[in-house]
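Some notes on the structure that comes next.
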Amino acid sequence: MKLSEMKNEIIPIPTPGASSISTRVDSINFDMDCLTIAISSPDWDVEIKFPQIYGFRVLDELDLPEFEIPLSKGWLSVIKSGGWKDLELTRDSFRSGNLPWIREYVVAGMHQCVFVLTKEDPVISYKES
């Protein structure tokens, strides 16, 4: 089955800091222990840490029309189906995607979206600007 034929189930996660068209991904830092993503808007700054990740990718939001990730619903969502993980599962060699504890999240900015495959929930640090 093609990704375009799959039903997307993308669930926004309540977060501090209201999402808007000015929400942006400022930086991404990866080391062996954690993926850290900094995002901001004119009113707040947030740092999201994903411990124990299995992979991540960054794409321009214009390249993601099949995912339908509206910023108006929030900048952090969990993807239950029809996401990057499902796309990777079309490859026989993608072993991590079959692990039952792998979860997929997306951090959405006005230009970039960061997809994260992880075992643990993200840790969010919020600061008003």
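Labels used: A, B, ... for chains in the order of the structure tokens, numbers from 1 for residues in each chain, and numbers from 1 for ligands as shown.
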
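When DSSP reads the backbone of this structure, the residues of chain A it assigns to helix (DSSP H, G or I) are A:Leu3, A:Ser4, A:Glu5, A:Glu61, A:Leu62, A:Asp63, A:Pro65, A:Glu66, A:Phe67, A:Leu71, A:Ser72, A:Lys73, A:Trp84, A:Lys85, A:Asp86, A:Leu87, A:Glu88, A:Ser96, A:Gly97, A:Asn98.
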
Residues from the last selection, N, CA and C atoms, saved as a JSON list (two decimals), in the first residue's frame:
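Once written, selection-v1.json looks like this:
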[["chain", "number", "residue", "atom", "x", "y", "z"],
["A", 3, "LEU", "N", 1.83, 5.20, 0.73],
["A", 3, "LEU", "CA", 1.57, 6.10, 1.84],
["A", 3, "LEU", "C", 0.37, 6.99, 1.55],
["A", 4, "SER", "N", 0.22, 7.41, 0.30],
["A", 4, "SER", "CA", -0.91, 8.29, -0.06],
["A", 4, "SER", "C", -2.25, 7.59, 0.09],
["A", 5, "GLU", "N", -2.25, 6.26, 0.14],
["A", 5, "GLU", "CA", -3.49, 5.50, 0.31],
["A", 5, "GLU", "C", -3.79, 5.20, 1.77],
["A", 61, "GLU", "N", 8.07, 21.90, 5.11],
["A", 61, "GLU", "CA", 6.66, 21.58, 5.18],
["A", 61, "GLU", "C", 6.01, 21.54, 3.80],
["A", 62, "LEU", "N", 6.57, 22.21, 2.81],
["A", 62, "LEU", "CA", 6.02, 22.16, 1.45],
["A", 62, "LEU", "C", 6.16, 20.78, 0.82],
["A", 63, "ASP", "N", 7.10, 19.97, 1.34],
["A", 63, "ASP", "CA", 7.31, 18.63, 0.81],
["A", 63, "ASP", "C", 6.46, 17.58, 1.53],
["A", 65, "PRO", "N", 2.71, 17.45, 1.88],
["A", 65, "PRO", "CA", 1.26, 17.65, 1.80],
["A", 65, "PRO", "C", 0.44, 16.43, 2.22],
["A", 66, "GLU", "N", 1.00, 15.24, 2.06],
["A", 66, "GLU", "CA", 0.24, 14.03, 2.43],
["A", 66, "GLU", "C", 0.08, 13.87, 3.93],
["A", 67, "PHE", "N", 0.87, 14.60, 4.75],
["A", 67, "PHE", "CA", 0.78, 14.44, 6.20],
["A", 67, "PHE", "C", -0.22, 15.40, 6.85],
["A", 71, "LEU", "N", -0.42, 23.84, 11.61],
["A", 71, "LEU", "CA", 0.14, 24.49, 12.81],
["A", 71, "LEU", "C", -0.96, 25.00, 13.73],
["A", 72, "SER", "N", -2.14, 25.25, 13.20],
["A", 72, "SER", "CA", -3.23, 25.78, 14.03],
["A", 72, "SER", "C", -3.65, 24.79, 15.12],
["A", 73, "LYS", "N", -3.31, 23.51, 14.94],
["A", 73, "LYS", "CA", -3.69, 22.50, 15.93],
["A", 73, "LYS", "C", -2.58, 22.21, 16.93],
["A", 84, "TRP", "N", 5.89, 8.90, 8.72],
["A", 84, "TRP", "CA", 7.20, 8.51, 8.21],
["A", 84, "TRP", "C", 7.50, 7.05, 8.55],
["A", 85, "LYS", "N", 7.14, 6.61, 9.76],
["A", 85, "LYS", "CA", 7.38, 5.22, 10.15],
["A", 85, "LYS", "C", 6.69, 4.26, 9.17],
["A", 86, "ASP", "N", 5.45, 4.55, 8.83],
["A", 86, "ASP", "CA", 4.74, 3.68, 7.88],
["A", 86, "ASP", "C", 5.40, 3.71, 6.51],
["A", 87, "LEU", "N", 5.90, 4.87, 6.11],
["A", 87, "LEU", "CA", 6.63, 4.96, 4.85],
["A", 87, "LEU", "C", 7.88, 4.07, 4.89],
["A", 88, "GLU", "N", 8.62, 4.15, 5.98],
["A", 88, "GLU", "CA", 9.83, 3.32, 6.11],
["A", 88, "GLU", "C", 9.49, 1.83, 6.19],
["A", 96, "SER", "N", 13.67, -1.52, 12.89],
["A", 96, "SER", "CA", 13.26, -0.78, 14.09],
["A", 96, "SER", "C", 11.76, -0.49, 14.11],
["A", 97, "GLY", "N", 11.17, -0.25, 12.95],
["A", 97, "GLY", "CA", 9.76, 0.10, 12.88],
["A", 97, "GLY", "C", 8.82, -0.98, 13.37],
["A", 98, "ASN", "N", 9.29, -2.20, 13.42],
["A", 98, "ASN", "CA", 8.45, -3.30, 13.89],
["A", 98, "ASN", "C", 8.53, -3.50, 15.41]]

Residue nearest A:Tyr126 - candidates A:Asp43, A:Asp60, A:Asp33, A:Asp26, atoms counted: only C-alpha atoms: A:Asp43

One decimal, Å: what's the distance from atom CA of A:Gly74 over to atom CA of A:Gln52, could you say? 23.5 Å

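Between atom CA of A:Phe50 and atom CA of A:Ala38 the separation is 11.6 Å.
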
Long-range neighbours of A:Lys80 as an mmCIF file with N, CA and C atoms, in the first residue's frame, 8 Å cut-off, only C-alpha atoms, 3 positions minimum in chain:
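Wrote it out as part.cif, contents follow:
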data_model
loop_
_atom_site.group_PDB
_atom_site.id
_atom_site.type_symbol
_atom_site.label_atom_id
_atom_site.label_comp_id
_atom_site.auth_asym_id
_atom_site.auth_seq_id
_atom_site.Cartn_x
_atom_site.Cartn_y
_atom_site.Cartn_z
ATOM 1 N N ASN A 8 -4.175 8.866 7.583
ATOM 2 C CA ASN A 8 -3.320 9.537 8.561
ATOM 3 C C ASN A 8 -4.063 9.664 9.871
ATOM 4 N N GLU A 9 -3.420 9.291 10.954
ATOM 5 C CA GLU A 9 -3.947 9.550 12.283
ATOM 6 C C GLU A 9 -2.879 10.327 13.034
ATOM 7 N N ILE A 10 -3.059 11.655 13.054
ATOM 8 C CA ILE A 10 -2.118 12.576 13.682
ATOM 9 C C ILE A 10 -2.846 13.258 14.825
ATOM 10 N N ILE A 11 -2.349 13.058 16.052
ATOM 11 C CA ILE A 11 -3.031 13.561 17.245
ATOM 12 C C ILE A 11 -2.196 14.658 17.890
ATOM 13 N N GLY A 83 2.374 7.934 8.811
ATOM 14 C CA GLY A 83 3.500 8.854 8.918
ATOM 15 C C GLY A 83 4.770 8.313 8.300
ATOM 16 N N ARG A 103 7.478 4.898 18.954
ATOM 17 C CA ARG A 103 6.443 5.905 18.736
ATOM 18 C C ARG A 103 6.974 6.959 17.781
ATOM 19 N N GLU A 104 6.059 7.571 17.053
ATOM 20 C CA GLU A 104 6.451 8.616 16.104
ATOM 21 C C GLU A 104 5.824 9.946 16.513
#

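Atom CA of A:Pro51 is positioned 16.9 Å from atom CA of A:Pro100.
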
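Take the candidates A:Met110, A:Ile28, A:Ile21, A:Ile39 and check each one against A:Ser129 using only C-alpha atoms; the shortest distance goes to A:Ile39.
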
Report as a ChimeraX atom specification: the residues of chain A with a DSSP assignment of strand (DSSP E), based on the backbone of this structure. /A:9-12,24-31,34-41,44-51,53-60,76-81,103-108,112-118,123-128

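Counting only C-alpha atoms and comparing A:Lys49, A:Lys119, A:His111, A:Arg24, the residue that lies closest to A:Leu99 is A:Lys119.
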